[in-house]
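Colleague: Next up, upload_4.cif (mmCIF, N, CA and C atoms).
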```
data_input
loop_
_atom_site.group_PDB
_atom_site.id
_atom_site.type_symbol
_atom_site.label_atom_id
_atom_site.label_comp_id
_atom_site.auth_asym_id
_atom_site.auth_seq_id
_atom_site.Cartn_x
_atom_site.Cartn_y
_atom_site.Cartn_z
ATOM 1 N N MET A 1 -16.392 1.808 -2.185
ATOM 2 C CA MET A 1 -16.110 0.404 -2.170
ATOM 3 C C MET A 1 -15.159 0.107 -3.334
ATOM 4 N N VAL A 2 -14.235 -0.795 -3.072
ATOM 5 C CA VAL A 2 -13.301 -1.248 -4.096
ATOM 6 C C VAL A 2 -13.336 -2.770 -4.145
ATOM 7 N N ARG A 3 -12.838 -3.311 -5.247
ATOM 8 C CA ARG A 3 -12.729 -4.766 -5.342
ATOM 9 C C ARG A 3 -11.312 -5.098 -5.759
ATOM 10 N N PRO A 4 -10.759 -6.188 -5.225
ATOM 11 C CA PRO A 4 -9.407 -6.573 -5.606
ATOM 12 C C PRO A 4 -9.371 -7.109 -7.024
ATOM 13 N N VAL A 5 -8.358 -6.697 -7.779
ATOM 14 C CA VAL A 5 -8.157 -7.162 -9.141
ATOM 15 C C VAL A 5 -7.104 -8.272 -9.146
ATOM 16 N N ARG A 6 -5.986 -8.024 -8.464
ATOM 17 C CA ARG A 6 -4.911 -9.016 -8.411
ATOM 18 C C ARG A 6 -3.957 -8.657 -7.286
ATOM 19 N N VAL A 7 -3.174 -9.637 -6.869
ATOM 20 C CA VAL A 7 -2.053 -9.376 -5.972
ATOM 21 C C VAL A 7 -0.921 -8.855 -6.847
ATOM 22 N N ALA A 8 -0.477 -7.642 -6.555
ATOM 23 C CA ALA A 8 0.572 -7.021 -7.357
ATOM 24 C C ALA A 8 1.964 -7.314 -6.805
ATOM 25 N N GLY A 9 2.058 -7.629 -5.529
ATOM 26 C CA GLY A 9 3.363 -7.926 -4.957
ATOM 27 C C GLY A 9 3.303 -8.192 -3.471
ATOM 28 N N VAL A 10 4.411 -8.695 -2.956
ATOM 29 C CA VAL A 10 4.552 -8.973 -1.529
ATOM 30 C C VAL A 10 5.934 -8.490 -1.115
ATOM 31 N N ALA A 11 5.999 -7.786 -0.002
ATOM 32 C CA ALA A 11 7.271 -7.246 0.473
ATOM 33 C C ALA A 11 7.414 -7.503 1.966
ATOM 34 N N ALA A 12 8.630 -7.817 2.388
ATOM 35 C CA ALA A 12 8.933 -7.992 3.807
ATOM 36 C C ALA A 12 9.919 -6.910 4.230
ATOM 37 N N THR A 13 9.745 -6.399 5.425
ATOM 38 C CA THR A 13 10.654 -5.371 5.939
ATOM 39 C C THR A 13 11.904 -6.027 6.516
ATOM 40 N N ARG A 14 12.874 -5.197 6.775
ATOM 41 C CA ARG A 14 14.064 -5.658 7.492
ATOM 42 C C ARG A 14 13.644 -6.004 8.926
ATOM 43 N N LEU A 15 14.515 -6.666 9.647
ATOM 44 C CA LEU A 15 14.242 -6.977 11.046
ATOM 45 C C LEU A 15 14.210 -5.676 11.836
ATOM 46 N N ILE A 16 13.157 -5.480 12.605
ATOM 47 C CA ILE A 16 12.981 -4.279 13.414
ATOM 48 C C ILE A 16 13.033 -4.691 14.872
ATOM 49 N N GLU A 17 13.819 -3.966 15.659
ATOM 50 C CA GLU A 17 13.870 -4.239 17.094
ATOM 51 C C GLU A 17 13.381 -3.005 17.840
ATOM 52 N N TYR A 18 12.404 -3.196 18.721
ATOM 53 C CA TYR A 18 11.811 -2.107 19.489
ATOM 54 C C TYR A 18 12.553 -1.927 20.806
ATOM 55 N N PRO A 19 12.425 -0.755 21.440
ATOM 56 C CA PRO A 19 13.145 -0.483 22.694
ATOM 57 C C PRO A 19 12.883 -1.529 23.793
ATOM 58 N N ASN A 20 11.716 -2.167 23.766
ATOM 59 C CA ASN A 20 11.414 -3.167 24.804
ATOM 60 C C ASN A 20 12.005 -4.539 24.481
ATOM 61 N N GLY A 21 12.743 -4.629 23.348
ATOM 62 C CA GLY A 21 13.371 -5.889 22.982
ATOM 63 C C GLY A 21 12.580 -6.727 21.992
ATOM 64 N N ASP A 22 11.324 -6.372 21.741
ATOM 65 C CA ASP A 22 10.535 -7.107 20.745
ATOM 66 C C ASP A 22 11.191 -6.963 19.380
ATOM 67 N N ARG A 23 11.201 -8.057 18.618
ATOM 68 C CA ARG A 23 11.775 -8.055 17.279
ATOM 69 C C ARG A 23 10.731 -8.604 16.312
ATOM 70 N N CYS A 24 10.646 -7.993 15.125
ATOM 71 C CA CYS A 24 9.667 -8.469 14.155
ATOM 72 C C CYS A 24 10.039 -8.020 12.753
ATOM 73 N N ARG A 25 9.358 -8.594 11.798
ATOM 74 C CA ARG A 25 9.378 -8.155 10.402
ATOM 75 C C ARG A 25 7.915 -7.989 9.999
ATOM 76 N N TYR A 26 7.644 -7.015 9.163
ATOM 77 C CA TYR A 26 6.298 -6.827 8.650
ATOM 78 C C TYR A 26 6.238 -7.343 7.220
ATOM 79 N N VAL A 27 5.117 -7.915 6.846
ATOM 80 C CA VAL A 27 4.893 -8.381 5.486
ATOM 81 C C VAL A 27 3.753 -7.553 4.904
ATOM 82 N N ASP A 28 4.004 -6.908 3.775
ATOM 83 C CA ASP A 28 2.995 -6.100 3.081
ATOM 84 C C ASP A 28 2.546 -6.836 1.834
ATOM 85 N N THR A 29 1.241 -6.939 1.659
ATOM 86 C CA THR A 29 0.677 -7.483 0.430
ATOM 87 C C THR A 29 0.090 -6.318 -0.344
ATOM 88 N N VAL A 30 0.533 -6.144 -1.584
ATOM 89 C CA VAL A 30 0.115 -5.027 -2.430
ATOM 90 C C VAL A 30 -0.933 -5.543 -3.417
ATOM 91 N N PHE A 31 -2.092 -4.886 -3.438
ATOM 92 C CA PHE A 31 -3.168 -5.272 -4.349
ATOM 93 C C PHE A 31 -3.404 -4.189 -5.389
ATOM 94 N N GLU A 32 -3.714 -4.598 -6.602
ATOM 95 C CA GLU A 32 -4.307 -3.690 -7.580
ATOM 96 C C GLU A 32 -5.797 -3.734 -7.289
ATOM 97 N N MET A 33 -6.391 -2.573 -7.050
ATOM 98 C CA MET A 33 -7.808 -2.501 -6.693
ATOM 99 C C MET A 33 -8.568 -1.711 -7.751
ATOM 100 N N GLU A 34 -9.856 -1.980 -7.856
ATOM 101 C CA GLU A 34 -10.724 -1.257 -8.781
ATOM 102 C C GLU A 34 -11.818 -0.561 -7.974
ATOM 103 N N TRP A 35 -11.971 0.744 -8.198
ATOM 104 C CA TRP A 35 -13.028 1.497 -7.535
ATOM 105 C C TRP A 35 -14.376 1.023 -8.074
ATOM 106 N N VAL A 36 -15.331 0.793 -7.162
ATOM 107 C CA VAL A 36 -16.669 0.365 -7.546
ATOM 108 C C VAL A 36 -17.679 1.472 -7.270
ATOM 109 N N SER A 37 -17.635 2.040 -6.053
ATOM 110 C CA SER A 37 -18.586 3.095 -5.698
ATOM 111 C C SER A 37 -18.167 3.753 -4.391
ATOM 112 N N GLY A 38 -18.811 4.883 -4.107
ATOM 113 C CA GLY A 38 -18.627 5.529 -2.814
ATOM 114 C C GLY A 38 -17.474 6.511 -2.774
ATOM 115 N N GLU A 39 -17.352 7.137 -1.625
ATOM 116 C CA GLU A 39 -16.310 8.114 -1.356
ATOM 117 C C GLU A 39 -15.443 7.597 -0.211
ATOM 118 N N PRO A 40 -14.142 7.887 -0.244
ATOM 119 C CA PRO A 40 -13.279 7.443 0.851
ATOM 120 C C PRO A 40 -13.620 8.173 2.142
ATOM 121 N N HIS A 41 -13.442 7.495 3.262
ATOM 122 C CA HIS A 41 -13.672 8.119 4.562
ATOM 123 C C HIS A 41 -12.800 7.451 5.620
ATOM 124 N N VAL A 42 -12.426 8.208 6.640
ATOM 125 C CA VAL A 42 -11.648 7.669 7.747
ATOM 126 C C VAL A 42 -12.519 6.667 8.483
ATOM 127 N N ASN A 43 -11.949 5.492 8.750
ATOM 128 C CA ASN A 43 -12.746 4.423 9.338
ATOM 129 C C ASN A 43 -12.186 3.914 10.660
ATOM 130 N N ASP A 44 -11.130 4.547 11.166
ATOM 131 C CA ASP A 44 -10.561 4.095 12.429
ATOM 132 C C ASP A 44 -9.782 5.246 13.062
ATOM 133 N N ASP A 45 -9.150 4.970 14.201
ATOM 134 C CA ASP A 45 -8.416 6.044 14.878
ATOM 135 C C ASP A 45 -6.939 6.089 14.484
ATOM 136 N N GLU A 46 -6.526 5.305 13.485
ATOM 137 C CA GLU A 46 -5.140 5.343 13.024
ATOM 138 C C GLU A 46 -4.944 6.328 11.869
ATOM 139 N N SER A 47 -6.019 6.783 11.251
ATOM 140 C CA SER A 47 -5.931 7.697 10.112
ATOM 141 C C SER A 47 -6.615 9.011 10.449
ATOM 142 N N THR A 48 -6.088 10.082 9.883
ATOM 143 C CA THR A 48 -6.718 11.382 10.091
ATOM 144 C C THR A 48 -7.378 11.905 8.823
ATOM 145 N N ASP A 49 -6.950 11.368 7.657
ATOM 146 C CA ASP A 49 -7.501 11.845 6.394
ATOM 147 C C ASP A 49 -7.271 10.772 5.329
ATOM 148 N N VAL A 50 -8.171 10.686 4.384
ATOM 149 C CA VAL A 50 -8.037 9.770 3.244
ATOM 150 C C VAL A 50 -8.537 10.477 2.006
ATOM 151 N N GLY A 51 -8.199 9.955 0.831
ATOM 152 C CA GLY A 51 -8.691 10.567 -0.390
ATOM 153 C C GLY A 51 -8.248 9.810 -1.617
ATOM 154 N N TRP A 52 -8.889 10.110 -2.745
ATOM 155 C CA TRP A 52 -8.483 9.584 -4.044
ATOM 156 C C TRP A 52 -7.586 10.625 -4.695
ATOM 157 N N PHE A 53 -6.512 10.181 -5.333
ATOM 158 C CA PHE A 53 -5.575 11.097 -5.971
ATOM 159 C C PHE A 53 -5.219 10.577 -7.352
ATOM 160 N N PRO A 54 -5.056 11.468 -8.323
ATOM 161 C CA PRO A 54 -4.533 11.019 -9.614
ATOM 162 C C PRO A 54 -3.069 10.621 -9.429
ATOM 163 N N VAL A 55 -2.597 9.708 -10.245
ATOM 164 C CA VAL A 55 -1.223 9.228 -10.114
ATOM 165 C C VAL A 55 -0.219 10.381 -10.202
ATOM 166 N N ASP A 56 -0.492 11.362 -11.040
ATOM 167 C CA ASP A 56 0.435 12.489 -11.167
ATOM 168 C C ASP A 56 0.172 13.589 -10.146
ATOM 169 N N GLY A 57 -0.696 13.327 -9.160
ATOM 170 C CA GLY A 57 -0.994 14.321 -8.135
ATOM 171 C C GLY A 57 -0.977 13.731 -6.734
ATOM 172 N N LEU A 58 -0.119 12.748 -6.500
ATOM 173 C CA LEU A 58 -0.041 12.098 -5.189
ATOM 174 C C LEU A 58 0.588 13.018 -4.162
ATOM 175 N N PRO A 59 0.163 12.912 -2.903
ATOM 176 C CA PRO A 59 0.791 13.719 -1.852
ATOM 177 C C PRO A 59 2.265 13.340 -1.720
ATOM 178 N N GLU A 60 3.078 14.294 -1.455
ATOM 179 C CA GLU A 60 4.518 14.063 -1.260
ATOM 180 C C GLU A 60 4.871 14.389 0.183
ATOM 181 N N PRO A 61 5.896 13.835 0.717
ATOM 182 C CA PRO A 61 6.765 12.845 0.083
ATOM 183 C C PRO A 61 6.211 11.430 0.271
ATOM 184 N N LEU A 62 6.492 10.566 -0.692
ATOM 185 C CA LEU A 62 6.196 9.145 -0.567
ATOM 186 C C LEU A 62 7.512 8.430 -0.283
ATOM 187 N N SER A 63 7.468 7.461 0.621
ATOM 188 C CA SER A 63 8.685 6.692 0.884
ATOM 189 C C SER A 63 9.023 5.862 -0.352
ATOM 190 N N PRO A 64 10.275 5.465 -0.504
ATOM 191 C CA PRO A 64 10.636 4.613 -1.640
ATOM 192 C C PRO A 64 9.807 3.322 -1.677
ATOM 193 N N GLY A 65 9.528 2.739 -0.530
ATOM 194 C CA GLY A 65 8.720 1.519 -0.488
ATOM 195 C C GLY A 65 7.296 1.744 -0.950
ATOM 196 N N HIS A 66 6.685 2.858 -0.541
ATOM 197 C CA HIS A 66 5.328 3.164 -0.984
ATOM 198 C C HIS A 66 5.296 3.448 -2.482
ATOM 199 N N ARG A 67 6.309 4.159 -2.981
ATOM 200 C CA ARG A 67 6.370 4.448 -4.423
ATOM 201 C C ARG A 67 6.499 3.143 -5.208
ATOM 202 N N GLU A 68 7.329 2.218 -4.722
ATOM 203 C CA GLU A 68 7.486 0.934 -5.399
ATOM 204 C C GLU A 68 6.172 0.147 -5.387
ATOM 205 N N SER A 69 5.455 0.153 -4.266
ATOM 206 C CA SER A 69 4.167 -0.535 -4.188
ATOM 207 C C SER A 69 3.179 0.027 -5.206
ATOM 208 N N LEU A 70 3.153 1.353 -5.353
ATOM 209 C CA LEU A 70 2.277 1.969 -6.348
ATOM 210 C C LEU A 70 2.658 1.548 -7.763
ATOM 211 N N GLU A 71 3.949 1.509 -8.035
ATOM 212 C CA GLU A 71 4.398 1.075 -9.365
ATOM 213 C C GLU A 71 3.948 -0.354 -9.645
ATOM 214 N N TRP A 72 4.056 -1.221 -8.644
ATOM 215 C CA TRP A 72 3.604 -2.604 -8.808
ATOM 216 C C TRP A 72 2.116 -2.642 -9.135
ATOM 217 N N ALA A 73 1.319 -1.898 -8.355
ATOM 218 C CA ALA A 73 -0.137 -1.919 -8.536
ATOM 219 C C ALA A 73 -0.539 -1.326 -9.891
ATOM 220 N N LEU A 74 0.221 -0.345 -10.373
ATOM 221 C CA LEU A 74 -0.103 0.307 -11.638
ATOM 222 C C LEU A 74 0.342 -0.499 -12.860
ATOM 223 N N ASP A 75 1.150 -1.529 -12.656
ATOM 224 C CA ASP A 75 1.646 -2.354 -13.756
ATOM 225 C C ASP A 75 0.596 -3.432 -14.054
ATOM 226 N N ALA A 76 -0.550 -2.996 -14.556
ATOM 227 C CA ALA A 76 -1.729 -3.856 -14.744
ATOM 228 C C ALA A 76 -1.403 -5.133 -15.505
ATOM 229 N N GLY A 77 -1.839 -6.231 -14.940
ATOM 230 C CA GLY A 77 -1.693 -7.519 -15.592
ATOM 231 C C GLY A 77 -0.333 -8.169 -15.401
ATOM 232 N N ALA A 78 0.618 -7.486 -14.809
ATOM 233 C CA ALA A 78 1.954 -8.063 -14.603
ATOM 234 C C ALA A 78 1.919 -9.138 -13.533
ATOM 235 N N ALA A 79 2.886 -10.006 -13.588
ATOM 236 C CA ALA A 79 3.033 -11.013 -12.528
ATOM 237 C C ALA A 79 3.359 -10.312 -11.217
ATOM 238 N N ALA A 80 2.965 -10.931 -10.119
ATOM 239 C CA ALA A 80 3.256 -10.353 -8.789
ATOM 240 C C ALA A 80 4.757 -10.244 -8.591
ATOM 241 N N LYS A 81 5.167 -9.169 -7.946
ATOM 242 C CA LYS A 81 6.573 -8.924 -7.651
ATOM 243 C C LYS A 81 6.816 -9.154 -6.171
ATOM 244 N N TRP A 82 8.071 -9.198 -5.782
ATOM 245 C CA TRP A 82 8.382 -9.352 -4.358
ATOM 246 C C TRP A 82 9.710 -8.678 -4.049
ATOM 247 N N ARG A 83 9.829 -8.316 -2.791
ATOM 248 C CA ARG A 83 11.114 -7.827 -2.257
ATOM 249 C C ARG A 83 11.186 -8.189 -0.805
#
```
Show how you would write the structure in this file as structure tokens.

Modeller:
Amino acid sequence: MVRPVRVAGVAATRLIEYPNGDRCRYVDTVFEMEWVSGEPHVNDDESTDVGWFPVDGLPEPLSPGHRESLEWALDAGAAAKWR
């Protein structure tokens, strides 16, 4: 279990158009979270594996957007950022 500490940032994607003509943008809200208890586990059919990792031992490759989100969350106490 984790608890939210603060909103670290908000990001919107570029306009995405799917082959069927649907168009959308996604909005990501990045939270700084604090571990409270328990072990991570897969909770749905969209994930195959989960885990806790030290910041210097993250799985690679991370997309530039994911790396930026982590930097935001790790900047404890900073004002929320956006892109």

Colleague: I'd like the interatomic distance between atom CA of Pro4 of chain A and atom N of Trp52 of chain A, to a tenth of an Å.

Modeller: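 So the answer is 16.9 Å.
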
Colleague: Given the file shown, determine the residues that the PyMOL selection byres ((chain A and resi 26) around 8) selects; report them as a ChimeraX atom specification.

Modeller: /A:11-16,23-25,27-29

Colleague: Report, in Å to a single decimal, how far apart atom C of Asp45 of chain A and atom N of Met33 of chain A are.

Modeller: 23.2 Å

Colleague: Please evaluate the PyMOL selection byres ((chain A and resi 1) around 7) against the displayed coordinates and give the resulting residues as a PDB file with N, CA and C atoms, in the frame of the given file.

Modeller:
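Dumped everything to expr_39.pdb:
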```
ATOM      1  N   VAL A   2     -14.235  -0.795  -3.072  1.00  0.00           N
ATOM      2  CA  VAL A   2     -13.301  -1.248  -4.096  1.00  0.00           C
ATOM      3  C   VAL A   2     -13.336  -2.770  -4.145  1.00  0.00           C
ATOM      4  N   ARG A   3     -12.838  -3.311  -5.247  1.00  0.00           N
ATOM      5  CA  ARG A   3     -12.729  -4.766  -5.342  1.00  0.00           C
ATOM      6  C   ARG A   3     -11.312  -5.098  -5.759  1.00  0.00           C
ATOM      7  N   GLU A  34      -9.856  -1.980  -7.856  1.00  0.00           N
ATOM      8  CA  GLU A  34     -10.724  -1.257  -8.781  1.00  0.00           C
ATOM      9  C   GLU A  34     -11.818  -0.561  -7.974  1.00  0.00           C
ATOM     10  N   TRP A  35     -11.971   0.744  -8.198  1.00  0.00           N
ATOM     11  CA  TRP A  35     -13.028   1.497  -7.535  1.00  0.00           C
ATOM     12  C   TRP A  35     -14.376   1.023  -8.074  1.00  0.00           C
ATOM     13  N   VAL A  36     -15.331   0.793  -7.162  1.00  0.00           N
ATOM     14  CA  VAL A  36     -16.669   0.365  -7.546  1.00  0.00           C
ATOM     15  C   VAL A  36     -17.679   1.472  -7.270  1.00  0.00           C
ATOM     16  N   SER A  37     -17.635   2.040  -6.053  1.00  0.00           N
ATOM     17  CA  SER A  37     -18.586   3.095  -5.698  1.00  0.00           C
ATOM     18  C   SER A  37     -18.167   3.753  -4.391  1.00  0.00           C
ATOM     19  N   GLY A  38     -18.811   4.883  -4.107  1.00  0.00           N
ATOM     20  CA  GLY A  38     -18.627   5.529  -2.814  1.00  0.00           C
ATOM     21  C   GLY A  38     -17.474   6.511  -2.774  1.00  0.00           C
ATOM     22  N   GLU A  39     -17.352   7.137  -1.625  1.00  0.00           N
ATOM     23  CA  GLU A  39     -16.310   8.114  -1.356  1.00  0.00           C
ATOM     24  C   GLU A  39     -15.443   7.597  -0.211  1.00  0.00           C
ATOM     25  N   PRO A  40     -14.142   7.887  -0.244  1.00  0.00           N
ATOM     26  CA  PRO A  40     -13.279   7.443   0.851  1.00  0.00           C
ATOM     27  C   PRO A  40     -13.620   8.173   2.142  1.00  0.00           C
TER      28      PRO A  40
END
```

Colleague: Could you go through chain A and tell me which residues DSSP, when run on the backbone, assigns to alpha helix (DSSP H), listing them as an MDAnalysis selection string?

Modeller: chainID A and resid 64:74
